[in-house]
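Novice: My structure is below; once you've seen it, I'll send some questions.
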Amino acid sequence: MITNPQSGTNIQEVADGIYRINTPVAIPGAGDFSFNQYLLVDDAPLLFHTGQRQLFPLVSEAIRAVMPLEKLRYVGLSHFEADECGALNSFLAAAPQAVPLCSQVAAMVAINDFADRAPQALADGAELSLGRHTVRWFDTPHMPHSWECGLMMDMTTRTFFCGDLFTQGGKGEAALTESDILGPSEAFRGPMDYYAHAPQTTATLERLAREQPATLAVMHGSAWRGDGARLLRELGGKLAA
């Protein structure tokens, strides 16, 4: 569903109760790109990634197409970066009961100061019930980047909110694909490698693979459906090489 014809912002369901909000952009000198946020609609709705502050009108408009914005309960982020949490305080103002959701390190180094409302900081492996869905938090420091980085998985649908992993260039026209995304994501990473290449990166990817994700909710480009464990292990092999 196109929610803003001028920007091309759209919202589409990629798993049961989970919606990808996608805004295509043109980056000077780099071509087409996209920013995605993921909305998990449940008794306690959760938004993962806010988009930059300037995207708030577009993202909030898309949310309103499927649920009242004011009912948001959690606004999650992987790490402290504009496309992760630039619009965080705008969402907190629009949804009076919402709280930020982040890692304990992110709360300590940034969100306790940045956010207008105290965050709920999740420990590694902690689970949070939203109603029909339960999400689990994974600390992933420096993977792909930032000390405070963490990622999240919906255990009900096996949807892995994988942040900057598998970033693809282009507009992300397909909300959900079963085609190859590792090749395009590696081609995008090559010229501007944004991974920290920490010593534990391969082990972290293996830990995530053992969770057997069925859908990868990618932050830039198309979400992907298939054998997520295999794809994460293939990514680990590429990075190790």
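Quick note on naming: the chains in the structure tokens go A, B, ... in the order shown, residues restart at 1 in each chain, and ligands are numbered from 1 in order of appearance.
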Can you write out as JSON lines which residues of stretch 17-98 of chain A fall within 12 Å of stretch 125-148 of chain A, alongside each residue's closest atom pair and its distance in Å to one decimal, counting only C-alpha atoms and ordering rows by chain and ascending residue number?

Specialist:
```
{"residue": "A:Gly17", "atom": "CA", "partner": "A:His133", "partner_atom": "CA", "distance": 8.8}
{"residue": "A:Ile18", "atom": "CA", "partner": "A:His133", "partner_atom": "CA", "distance": 10.0}
{"residue": "A:Leu40", "atom": "CA", "partner": "A:His133", "partner_atom": "CA", "distance": 8.5}
{"residue": "A:Val41", "atom": "CA", "partner": "A:Leu130", "partner_atom": "CA", "distance": 8.7}
{"residue": "A:Asp42", "atom": "CA", "partner": "A:Gly131", "partner_atom": "CA", "distance": 5.8}
{"residue": "A:Asp43", "atom": "CA", "partner": "A:Gly131", "partner_atom": "CA", "distance": 5.1}
{"residue": "A:Ala44", "atom": "CA", "partner": "A:Leu130", "partner_atom": "CA", "distance": 4.9}
{"residue": "A:Pro45", "atom": "CA", "partner": "A:Leu130", "partner_atom": "CA", "distance": 6.8}
{"residue": "A:Leu46", "atom": "CA", "partner": "A:Leu130", "partner_atom": "CA", "distance": 7.9}
{"residue": "A:Leu47", "atom": "CA", "partner": "A:Leu130", "partner_atom": "CA", "distance": 11.6}
{"residue": "A:Phe48", "atom": "CA", "partner": "A:Val135", "partner_atom": "CA", "distance": 11.4}
{"residue": "A:Leu72", "atom": "CA", "partner": "A:Leu130", "partner_atom": "CA", "distance": 11.1}
{"residue": "A:Arg73", "atom": "CA", "partner": "A:Leu130", "partner_atom": "CA", "distance": 9.0}
{"residue": "A:Tyr74", "atom": "CA", "partner": "A:Leu130", "partner_atom": "CA", "distance": 9.4}
{"residue": "A:Gly76", "atom": "CA", "partner": "A:Trp137", "partner_atom": "CA", "distance": 10.6}
{"residue": "A:Leu77", "atom": "CA", "partner": "A:Glu148", "partner_atom": "CA", "distance": 10.2}
{"residue": "A:Ser78", "atom": "CA", "partner": "A:Glu148", "partner_atom": "CA", "distance": 7.8}
{"residue": "A:His79", "atom": "CA", "partner": "A:Glu148", "partner_atom": "CA", "distance": 5.8}
{"residue": "A:Phe80", "atom": "CA", "partner": "A:Glu148", "partner_atom": "CA", "distance": 7.7}
{"residue": "A:Glu81", "atom": "CA", "partner": "A:Ser146", "partner_atom": "CA", "distance": 9.3}
```

Novice: At a cut-off of 10 Å, using only C-alpha atoms, what residues contact A:Asp164? Leave out same-chain residues fewer than 6 positions from it and give the result as a list in words.

Specialist: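 Once the adjacent positions are removed, what remains is Ser78, Glu84, Met143, Pro144, His145, Leu151, Ser185, Tyr194, Tyr195, Ala217, Val218, Met219, His220 and Gly221 of chain A.
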
Novice: If you run DSSP on this backbone, which residues of stretch 10-211 of chain A come out as helix (DSSP H, G or I), and could you give them as an NGL selection string?

Specialist: :A and (53-64 or 69-71 or 82-85 or 88-94 or 104-114 or 182-192 or 201-209)

Novice: Which residue gives the smallest distance to A:Gly8 among A:Ala95, A:Thr202, A:Lys171, A:Arg64, with only C-alpha atoms counted?

Specialist: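 Of the candidates, the smallest distance to A:Gly8 is held by A:Lys171.
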
Novice: Record the distance separating atom CA of A:Phe91 and atom CA of A:Ser103, expressed in Å with one decimal.

Specialist: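 Atom CA of A:Phe91 sits 18.7 Å away from atom CA of A:Ser103.
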
Novice: Mind listing the strand (DSSP E or B) residues of stretch 46-190 of chain A, per DSSP on the backbone, as a PyMOL selection string?

Specialist: chain A and resi 46-48+74-76+99-103+120-122+127-129+134-139+150-154+159-163+176-177

Novice: Grab the atom CA of A:Leu205 to atom CA of A:Leu232 distance for me, in Å with one decimal place.

Specialist: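 Spanning atom CA of A:Leu205 to atom CA of A:Leu232 is a straight-line distance of 6.0 Å.
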
Novice: I'd like the contact shell of stretch 23-28 of chain A - 7 Å cut-off, only C-alpha atoms, skipping same-chain residues fewer than 2 positions apart - returned as a PyMOL selection string.

Specialist: chain A and resi 7-10+21+30-36+171

Novice: Using only C-alpha atoms, determine which residues lie at most 12 Å from A:Glu206, disregarding the query and same-chain residues fewer than 3 positions distant; provide the list as a PyMOL selection string.

Specialist: chain A and resi 140+200-203+209-213+228-237

Novice: From the list A:Ala98, A:Met152, A:Leu239, A:Ala123, which residue is nearest A:Lys71 when using only C-alpha atoms?

Specialist: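 Of A:Ala98, A:Met152, A:Leu239, A:Ala123, the one nearest A:Lys71 is A:Ala98, counting only C-alpha atoms.
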